[in-house]
>>> print(open('my_file24.csv').read())   # CSV, C-alpha atoms and all ligand atoms
chain,number,residue,atom,x,y,z
A,1,MET,CA,-21.3,20.6,-24.7
A,2,GLU,CA,-20.9,17.2,-23.1
A,3,ASN,CA,-24.0,15.5,-21.9
A,4,LYS,CA,-23.2,14.4,-18.4
A,5,LEU,CA,-25.2,11.3,-18.8
A,6,ASP,CA,-23.2,10.1,-21.9
A,7,LYS,CA,-22.1,6.5,-21.5
A,8,LEU,CA,-18.7,6.3,-19.8
A,9,ASN,CA,-15.7,4.8,-21.5
A,10,ILE,CA,-13.7,2.6,-19.1
A,11,VAL,CA,-10.5,0.7,-19.7
A,12,GLY,CA,-10.4,-2.6,-17.8
A,13,ILE,CA,-7.3,-4.5,-16.9
A,14,ALA,CA,-6.8,-7.9,-15.3
A,15,GLY,CA,-3.8,-8.6,-13.1
A,16,SER,CA,-3.6,-12.2,-14.2
A,17,LEU,CA,-2.5,-13.4,-17.7
A,18,ARG,CA,-3.7,-17.0,-17.5
A,19,LYS,CA,-6.4,-18.1,-19.8
A,20,GLY,CA,-8.8,-19.4,-17.1
A,21,SER,CA,-8.3,-16.4,-14.8
A,22,TYR,CA,-11.2,-15.9,-12.4
A,23,ASN,CA,-10.2,-12.2,-12.1
A,24,ARG,CA,-10.7,-11.8,-15.9
A,25,MET,CA,-14.1,-13.6,-15.5
A,26,LEU,CA,-14.9,-10.9,-12.9
A,27,LEU,CA,-14.0,-8.2,-15.3
A,28,GLU,CA,-16.1,-9.8,-18.0
A,29,ALA,CA,-19.0,-10.0,-15.6
A,30,ALA,CA,-18.6,-6.3,-14.8
A,31,LYS,CA,-18.5,-5.6,-18.5
A,32,GLU,CA,-21.9,-7.3,-19.0
A,33,ILE,CA,-23.5,-5.7,-16.0
A,34,ALA,CA,-22.4,-2.2,-16.9
A,35,THR,CA,-23.7,-2.0,-20.4
A,36,ASP,CA,-26.3,0.7,-19.8
A,37,SER,CA,-24.0,3.1,-18.0
A,38,MET,CA,-20.5,2.4,-19.3
A,39,THR,CA,-18.5,0.5,-21.9
A,40,ILE,CA,-15.7,-1.4,-20.4
A,41,GLU,CA,-13.0,-2.3,-22.9
A,42,GLU,CA,-10.3,-4.7,-21.7
A,43,PHE,CA,-6.7,-3.9,-22.4
A,44,ASP,CA,-4.6,-7.1,-22.4
A,45,LEU,CA,-1.4,-6.6,-20.4
A,46,SER,CA,0.3,-9.7,-21.7
A,47,GLY,CA,2.4,-7.9,-24.4
A,48,ILE,CA,3.8,-5.2,-22.1
A,49,PRO,CA,7.5,-5.8,-21.6
A,50,MET,CA,9.3,-5.4,-18.2
A,51,TYR,CA,9.9,-1.7,-17.4
A,52,ASN,CA,13.4,-0.5,-18.2
A,53,THR,CA,14.4,3.2,-18.2
A,54,ASP,CA,17.0,2.5,-21.0
A,55,VAL,CA,14.2,1.2,-23.3
A,56,GLU,CA,12.0,4.1,-22.3
A,57,LYS,CA,14.7,6.6,-23.2
A,58,SER,CA,15.5,5.0,-26.6
A,59,ALA,CA,11.9,4.1,-27.8
A,60,VAL,CA,8.8,3.6,-25.7
A,61,PRO,CA,7.3,0.3,-26.9
A,62,GLU,CA,4.2,0.8,-29.1
A,63,ILE,CA,2.0,-1.3,-26.8
A,64,VAL,CA,2.9,1.0,-23.9
A,65,THR,CA,2.0,4.1,-25.8
A,66,GLU,CA,-1.3,2.4,-26.8
A,67,PHE,CA,-2.0,1.5,-23.2
A,68,LYS,CA,-1.3,5.0,-22.0
A,69,GLU,CA,-3.4,6.6,-24.8
A,70,LYS,CA,-6.3,4.3,-24.0
A,71,ILE,CA,-6.2,5.4,-20.4
A,72,ARG,CA,-5.8,9.1,-21.3
A,73,ALA,CA,-8.9,8.9,-23.5
A,74,ALA,CA,-11.0,6.9,-20.9
A,75,ASP,CA,-13.3,8.2,-18.2
A,76,GLY,CA,-11.8,5.7,-15.8
A,77,LEU,CA,-9.8,2.6,-15.1
A,78,LEU,CA,-11.2,-0.6,-13.7
A,79,ILE,CA,-8.7,-3.1,-12.3
A,80,SER,CA,-9.5,-6.7,-11.5
A,81,THR,CA,-6.6,-8.4,-9.8
A,82,PRO,CA,-5.6,-11.5,-7.9
A,83,GLU,CA,-3.3,-11.3,-4.9
A,84,TYR,CA,0.2,-12.8,-5.2
A,85,ASN,CA,2.2,-13.3,-2.1
A,86,TYR,CA,0.1,-10.8,-0.1
A,87,SER,CA,0.6,-8.1,-2.8
A,88,VAL,CA,-0.1,-7.0,-6.4
A,89,PRO,CA,1.0,-9.4,-9.2
A,90,GLY,CA,4.2,-8.2,-11.0
A,91,VAL,CA,2.4,-8.0,-14.3
A,92,LEU,CA,0.0,-5.4,-12.9
A,93,LYS,CA,2.7,-3.4,-11.0
A,94,ASN,CA,4.8,-3.4,-14.2
A,95,ALA,CA,1.9,-2.0,-16.3
A,96,ILE,CA,1.3,0.7,-13.7
A,97,ASP,CA,5.0,1.5,-13.6
A,98,TRP,CA,5.0,2.1,-17.4
A,99,ALA,CA,1.8,4.1,-17.3
A,100,SER,CA,3.0,6.3,-14.5
A,101,ARG,CA,5.7,7.7,-16.7
A,102,MET,CA,6.6,10.6,-17.1
A,103,PRO,CA,5.3,11.8,-13.7
A,104,LYS,CA,4.4,15.3,-15.2
A,105,ASP,CA,2.5,13.7,-18.1
A,106,THR,CA,1.1,10.4,-16.8
A,107,PRO,CA,-2.4,9.6,-17.9
A,108,LEU,CA,-3.0,8.2,-14.4
A,109,HIS,CA,-2.9,11.7,-12.9
A,110,GLN,CA,-6.4,12.4,-11.4
A,111,LYS,CA,-7.9,9.5,-13.3
A,112,PRO,CA,-10.8,7.8,-11.6
A,113,VAL,CA,-10.0,4.2,-10.8
A,114,ALA,CA,-11.9,1.3,-9.1
A,115,MET,CA,-10.5,-2.0,-8.1
A,116,MET,CA,-11.9,-5.5,-7.5
A,117,GLY,CA,-10.3,-8.8,-6.9
A,118,GLY,CA,-10.8,-12.4,-6.0
A,119,SER,CA,-8.8,-15.2,-4.5
A,120,GLY,CA,-9.2,-18.9,-4.0
A,121,GLY,CA,-9.1,-18.6,-0.2
A,122,ILE,CA,-10.8,-16.4,2.3
A,123,SER,CA,-8.8,-13.2,2.1
A,124,GLY,CA,-10.4,-12.0,-1.1
A,125,THR,CA,-7.3,-10.0,-2.2
A,126,ILE,CA,-7.6,-7.5,0.8
A,127,ARG,CA,-3.8,-7.2,1.2
A,128,ALA,CA,-3.2,-6.8,-2.6
A,129,GLN,CA,-5.8,-4.1,-2.8
A,130,GLY,CA,-4.3,-2.2,0.2
A,131,HIS,CA,-0.9,-2.2,-1.6
A,132,LEU,CA,-2.6,-1.3,-4.9
A,133,ARG,CA,-4.2,1.8,-3.4
A,134,GLN,CA,-0.8,2.9,-2.1
A,135,ILE,CA,0.8,2.4,-5.6
A,136,LEU,CA,-2.0,4.4,-7.3
A,137,ALA,CA,-1.6,7.2,-4.8
A,138,HIS,CA,1.8,8.0,-6.2
A,139,SER,CA,0.2,9.0,-9.5
A,140,ASN,CA,-2.5,10.9,-7.7
A,141,MET,CA,-5.2,8.6,-9.0
A,142,LEU,CA,-8.8,9.0,-7.7
A,143,ASP,CA,-9.6,5.6,-6.3
A,144,LEU,CA,-13.2,4.7,-5.4
A,145,LYS,CA,-13.1,3.7,-1.7
A,146,LYS,CA,-16.4,1.9,-1.3
A,147,PRO,CA,-18.0,-0.5,-1.8
A,148,GLU,CA,-15.0,-2.8,-2.0
A,149,VAL,CA,-15.1,-5.9,-4.1
A,150,LEU,CA,-13.2,-8.6,-2.2
A,151,VAL,CA,-14.3,-12.0,-3.6
A,152,THR,CA,-13.5,-15.0,-1.5
A,153,LYS,CA,-13.5,-18.5,-2.9
A,154,ILE,CA,-13.8,-17.0,-6.3
A,155,GLN,CA,-13.7,-20.4,-8.1
A,156,GLU,CA,-17.1,-21.1,-6.6
A,157,LYS,CA,-18.7,-18.0,-8.1
A,158,PHE,CA,-18.5,-18.9,-11.9
A,159,ASP,CA,-19.6,-21.9,-13.9
A,160,GLY,CA,-17.4,-23.9,-16.3
A,161,ASN,CA,-18.0,-21.4,-19.1
A,162,GLY,CA,-16.8,-18.5,-17.0
A,163,VAL,CA,-20.3,-17.1,-16.4
A,164,LEU,CA,-21.1,-15.5,-13.0
A,165,THR,CA,-23.6,-17.7,-11.2
A,166,ASP,CA,-23.4,-16.2,-7.7
A,167,ASP,CA,-26.4,-13.8,-7.3
A,168,ALA,CA,-25.1,-12.1,-4.2
A,169,LEU,CA,-21.9,-11.2,-6.0
A,170,LYS,CA,-23.9,-10.1,-9.1
A,171,GLN,CA,-25.9,-7.7,-6.9
A,172,HIS,CA,-22.8,-6.4,-5.2
A,173,LEU,CA,-21.2,-5.7,-8.6
A,174,ILE,CA,-24.3,-3.8,-9.7
A,175,ARG,CA,-23.9,-1.6,-6.6
A,176,PHE,CA,-20.2,-1.3,-7.1
A,177,LEU,CA,-20.5,-0.2,-10.7
A,178,ALA,CA,-23.2,2.3,-9.9
A,179,ALA,CA,-20.9,3.8,-7.2
A,180,PHE,CA,-18.1,3.9,-9.7
A,181,GLU,CA,-20.3,5.7,-12.2
A,182,ASN,CA,-21.3,8.3,-9.6
A,183,TRP,CA,-17.7,8.7,-8.5
A,184,ILE,CA,-16.6,9.4,-12.1
A,185,ARG,CA,-19.4,11.9,-12.7
A,186,ILE,CA,-18.4,13.9,-9.6
A,187,PHE,CA,-15.2,14.8,-11.5
A,188,LYS,CA,-16.9,15.4,-14.9
A,189,LYS,CA,-19.1,18.2,-13.5
B,201,LIG,C1,2.5,-16.7,-7.3
B,201,LIG,C2,1.1,-16.8,-6.6
B,201,LIG,C3,1.0,-16.3,-5.4
B,201,LIG,C4,-0.3,-16.3,-4.7
B,201,LIG,N1,-0.4,-15.7,-3.5
B,201,LIG,C5,-1.6,-15.6,-3.0
B,201,LIG,C6,-1.8,-14.8,-1.8
B,201,LIG,O1,-0.9,-14.1,-1.3
B,201,LIG,N2,-3.1,-14.7,-1.3
B,201,LIG,C7,-4.2,-15.4,-1.9
B,201,LIG,O2,-5.3,-15.3,-1.4
B,201,LIG,N3,-4.0,-16.2,-3.0
B,201,LIG,C8,-2.8,-16.3,-3.5
B,201,LIG,N4,-2.6,-17.0,-4.6
B,201,LIG,C9,-3.7,-17.8,-5.2
B,201,LIG,C10,-4.6,-17.0,-6.1
B,201,LIG,O3,-5.5,-16.3,-5.3
B,201,LIG,C11,-5.4,-17.8,-7.1
B,201,LIG,O4,-4.5,-18.6,-7.8
B,201,LIG,C12,-6.3,-17.0,-8.0
B,201,LIG,O5,-7.2,-17.8,-8.6
B,201,LIG,C13,-5.4,-16.3,-9.1
B,201,LIG,O6,-6.2,-15.5,-9.8
B,201,LIG,P1,-6.7,-15.8,-11.3
B,201,LIG,O7,-7.7,-16.9,-11.3
B,201,LIG,O8,-7.3,-14.5,-11.8
B,201,LIG,O9,-5.4,-16.1,-12.1
B,201,LIG,C14,-1.4,-17.0,-5.3
B,201,LIG,C15,-1.2,-17.6,-6.6
B,201,LIG,C16,0.0,-17.5,-7.2
B,201,LIG,C17,0.2,-18.1,-8.6
>>> encode(input="my_file24.csv", output="structure tokens")
Amino acid sequence: MENKLDKLNIVGIAGSLRKGSYNRMLLEAAKEIATDSMTIEEFDLSGIPMYNTDVEKSAVPEIVTEFKEKIRAADGLLISTPEYNYSVPGVLKNAIDWASRMPKDTPLHQKPVAMMGGSGGISGTIRAQGHLRQILAHSNMLDLKKPEVLVTKIQEKFDGNGVLTDDALKQHLIRFLAAFENWIRIFKK
């Protein structure tokens, strides 16, 4: 029988591919903070090709199968994303499009998910996260509603080595990850 306090296994994805991504730093910070309660393993979206139904029908790319199986085996999905043009970056939407297939067999169905994001300005990805919730609803994902992680001026929160230096954000991440853990455990009962 499963011990309900077993460490949770989480897949983390960043909606930015660039090396110096602040949103990946945020994911890394979450990974470090969460060590007691969950293991967060990042899945790099950079190798996922653009979604194409013809490709899907002939042979689903190996990396997509791997991505879907990692999600299927995980207790939850953690997304850290920037906002692009008031919405979700194409790379993130594309990965979700692949993972949402086929609708009757998607690993996203009833999978707990939490999101966080940061931008250089003062909106903290609020519009992107609103769109993201709508996108995830199509696959019936179980999205944590609160607390939200909307990081403004994210470039001021990390040092040159990508280490989180903002204590208020660190404390907020601790609360957020605890809430995510509790959220996941509701569905594991
Ligand atoms: C194509 C593009 C569109 C952007 N659109 C927005 C936007 O709508 N709102 C916003 O707050 N920042 C926007 N930004 C700025 C990002 O918030 C900023 O570059 C952020 O650091 C990117 O995240 P990253 O560091 O994880 O790559 C945009 C950046 C790019 C490259």
>>> residues_around(input="my_file24.csv", residues="range 154-166 of chain A", least_positions_apart="2", cutoff="6 Å", atoms="all atoms listed in the file", output="list of chain:residue names")
A:Met25, A:Gly118, A:Ser119, A:Gly120, A:Val151, A:Thr152, A:Ala168, A:Leu169
>>> residues_around(input="my_file24.csv", residues="His172 in chain A", least_positions_apart="3", cutoff="12 Å", atoms="all atoms listed in the file", output="list in words")
Leu26, Ala29, Ala30, Ile33, Met116, Lys146, Pro147, Glu148, Val149, Leu150, Val151, Asp166, Asp167, Ala168, Leu169, Arg175, Phe176, Leu177, Ala178 and Ala179 of chain A
>>> residues_near_ligand(input="my_file24.csv", ligand="ligand LIG 201 (chain B)", cutoff="9 Å", atoms="all atoms listed in the file", output="PyMOL selection string")
chain A and resi 14-26+80-89+117-128+152-155
>>> atom_distance(input="my_file24.csv", atom1="CA of Ile79 in chain A", atom2="CA of Val55 in chain A")
25.8 Å
>>> closest_atom_pairs(input="my_file24.csv", of="range 97-171 of chain A", to="range 61-65 of chain A", cutoff="12 Å", atoms="all atoms listed in the file", output="CSV")
residue,atom,partner,partner_atom,distance
A:Asp97,CA,A:Val64,CA,10.5
A:Trp98,CA,A:Val64,CA,6.9
A:Ala99,CA,A:Val64,CA,7.4
A:Ser100,CA,A:Val64,CA,10.8
A:Arg101,CA,A:Val64,CA,10.2
A:Met102,CA,A:Thr65,CA,11.8
A:Thr106,CA,A:Thr65,CA,11.0
A:Pro107,CA,A:Thr65,CA,10.6
>>> closest_residue(input="my_file24.csv", among="A:Lys189, A:Arg72, A:Lys145, A:Lys31", to="Asp105 in chain A", atoms="all atoms listed in the file")
A:Arg72
>>> build_atoms(input="my_file24.csv", residues="range 38-70 of chain A", atoms="N, CA and C atoms", output="short mmCIF file (atom, residue, chain, number, x, y, z; two decimals), in the coordinates of the input")
data_model
loop_
_atom_site.label_atom_id
_atom_site.label_comp_id
_atom_site.auth_asym_id
_atom_site.auth_seq_id
_atom_site.Cartn_x
_atom_site.Cartn_y
_atom_site.Cartn_z
N MET A 38 -21.89 2.23 -18.84
CA MET A 38 -20.50 2.40 -19.30
C MET A 38 -20.10 1.23 -20.21
N THR A 39 -19.13 1.56 -21.04
CA THR A 39 -18.50 0.50 -21.90
C THR A 39 -17.17 0.22 -21.31
N ILE A 40 -16.96 -1.05 -20.99
CA ILE A 40 -15.70 -1.40 -20.40
C ILE A 40 -14.91 -2.22 -21.48
N GLU A 41 -13.78 -1.68 -21.87
CA GLU A 41 -13.00 -2.30 -22.90
C GLU A 41 -11.69 -2.87 -22.22
N GLU A 42 -11.48 -4.17 -22.35
CA GLU A 42 -10.30 -4.70 -21.70
C GLU A 42 -9.03 -4.44 -22.49
N PHE A 43 -7.99 -4.05 -21.77
CA PHE A 43 -6.70 -3.90 -22.40
C PHE A 43 -5.85 -5.10 -21.85
N ASP A 44 -5.35 -5.93 -22.77
CA ASP A 44 -4.60 -7.10 -22.40
C ASP A 44 -3.14 -6.75 -22.05
N LEU A 45 -2.74 -7.04 -20.84
CA LEU A 45 -1.40 -6.60 -20.40
C LEU A 45 -0.29 -7.57 -20.84
N SER A 46 -0.67 -8.68 -21.49
CA SER A 46 0.30 -9.70 -21.70
C SER A 46 1.50 -9.30 -22.62
N GLY A 47 1.30 -8.30 -23.48
CA GLY A 47 2.40 -7.90 -24.40
C GLY A 47 3.29 -6.81 -23.82
N ILE A 48 3.01 -6.34 -22.63
CA ILE A 48 3.80 -5.20 -22.10
C ILE A 48 5.12 -5.77 -21.50
N PRO A 49 6.25 -5.29 -22.05
CA PRO A 49 7.50 -5.80 -21.60
C PRO A 49 7.85 -5.28 -20.16
N MET A 50 8.88 -5.84 -19.57
CA MET A 50 9.30 -5.40 -18.20
C MET A 50 9.81 -3.93 -18.36
N TYR A 51 9.45 -3.12 -17.40
CA TYR A 51 9.90 -1.70 -17.40
C TYR A 51 11.40 -1.61 -17.36
N ASN A 52 11.94 -0.73 -18.22
CA ASN A 52 13.40 -0.50 -18.20
C ASN A 52 13.59 0.94 -18.70
N THR A 53 14.24 1.75 -17.89
CA THR A 53 14.40 3.20 -18.20
C THR A 53 15.23 3.35 -19.50
N ASP A 54 16.18 2.44 -19.75
CA ASP A 54 17.00 2.50 -21.00
C ASP A 54 16.07 2.40 -22.21
N VAL A 55 15.16 1.41 -22.15
CA VAL A 55 14.20 1.20 -23.30
C VAL A 55 13.33 2.41 -23.41
N GLU A 56 12.87 2.91 -22.29
CA GLU A 56 12.00 4.10 -22.30
C GLU A 56 12.67 5.28 -22.97
N LYS A 57 13.97 5.45 -22.68
CA LYS A 57 14.70 6.60 -23.20
C LYS A 57 14.96 6.44 -24.71
N SER A 58 15.17 5.19 -25.17
CA SER A 58 15.50 5.00 -26.60
C SER A 58 14.20 4.98 -27.42
N ALA A 59 13.23 4.20 -27.03
CA ALA A 59 11.90 4.10 -27.80
C ALA A 59 10.92 3.45 -26.89
N VAL A 60 9.91 4.19 -26.50
CA VAL A 60 8.80 3.60 -25.70
C VAL A 60 8.13 2.54 -26.55
N PRO A 61 7.96 1.30 -26.07
CA PRO A 61 7.30 0.30 -26.90
C PRO A 61 5.88 0.73 -27.28
N GLU A 62 5.53 0.37 -28.51
CA GLU A 62 4.20 0.80 -29.10
C GLU A 62 3.06 0.40 -28.17
N ILE A 63 3.14 -0.80 -27.62
CA ILE A 63 2.00 -1.30 -26.80
C ILE A 63 1.86 -0.42 -25.53
N VAL A 64 2.96 0.10 -25.04
CA VAL A 64 2.90 1.00 -23.90
C VAL A 64 2.23 2.29 -24.23
N THR A 65 2.64 2.83 -25.38
CA THR A 65 2.00 4.10 -25.80
C THR A 65 0.53 3.89 -26.03
N GLU A 66 0.17 2.74 -26.62
CA GLU A 66 -1.30 2.40 -26.80
C GLU A 66 -2.01 2.35 -25.52
N PHE A 67 -1.40 1.66 -24.57
CA PHE A 67 -2.00 1.50 -23.20
C PHE A 67 -2.22 2.87 -22.59
N LYS A 68 -1.20 3.71 -22.65
CA LYS A 68 -1.30 5.00 -22.00
C LYS A 68 -2.37 5.90 -22.70
N GLU A 69 -2.42 5.82 -24.03
CA GLU A 69 -3.40 6.60 -24.80
C GLU A 69 -4.83 6.18 -24.49
N LYS A 70 -5.00 4.85 -24.36
CA LYS A 70 -6.30 4.30 -24.00
C LYS A 70 -6.78 4.86 -22.66
#
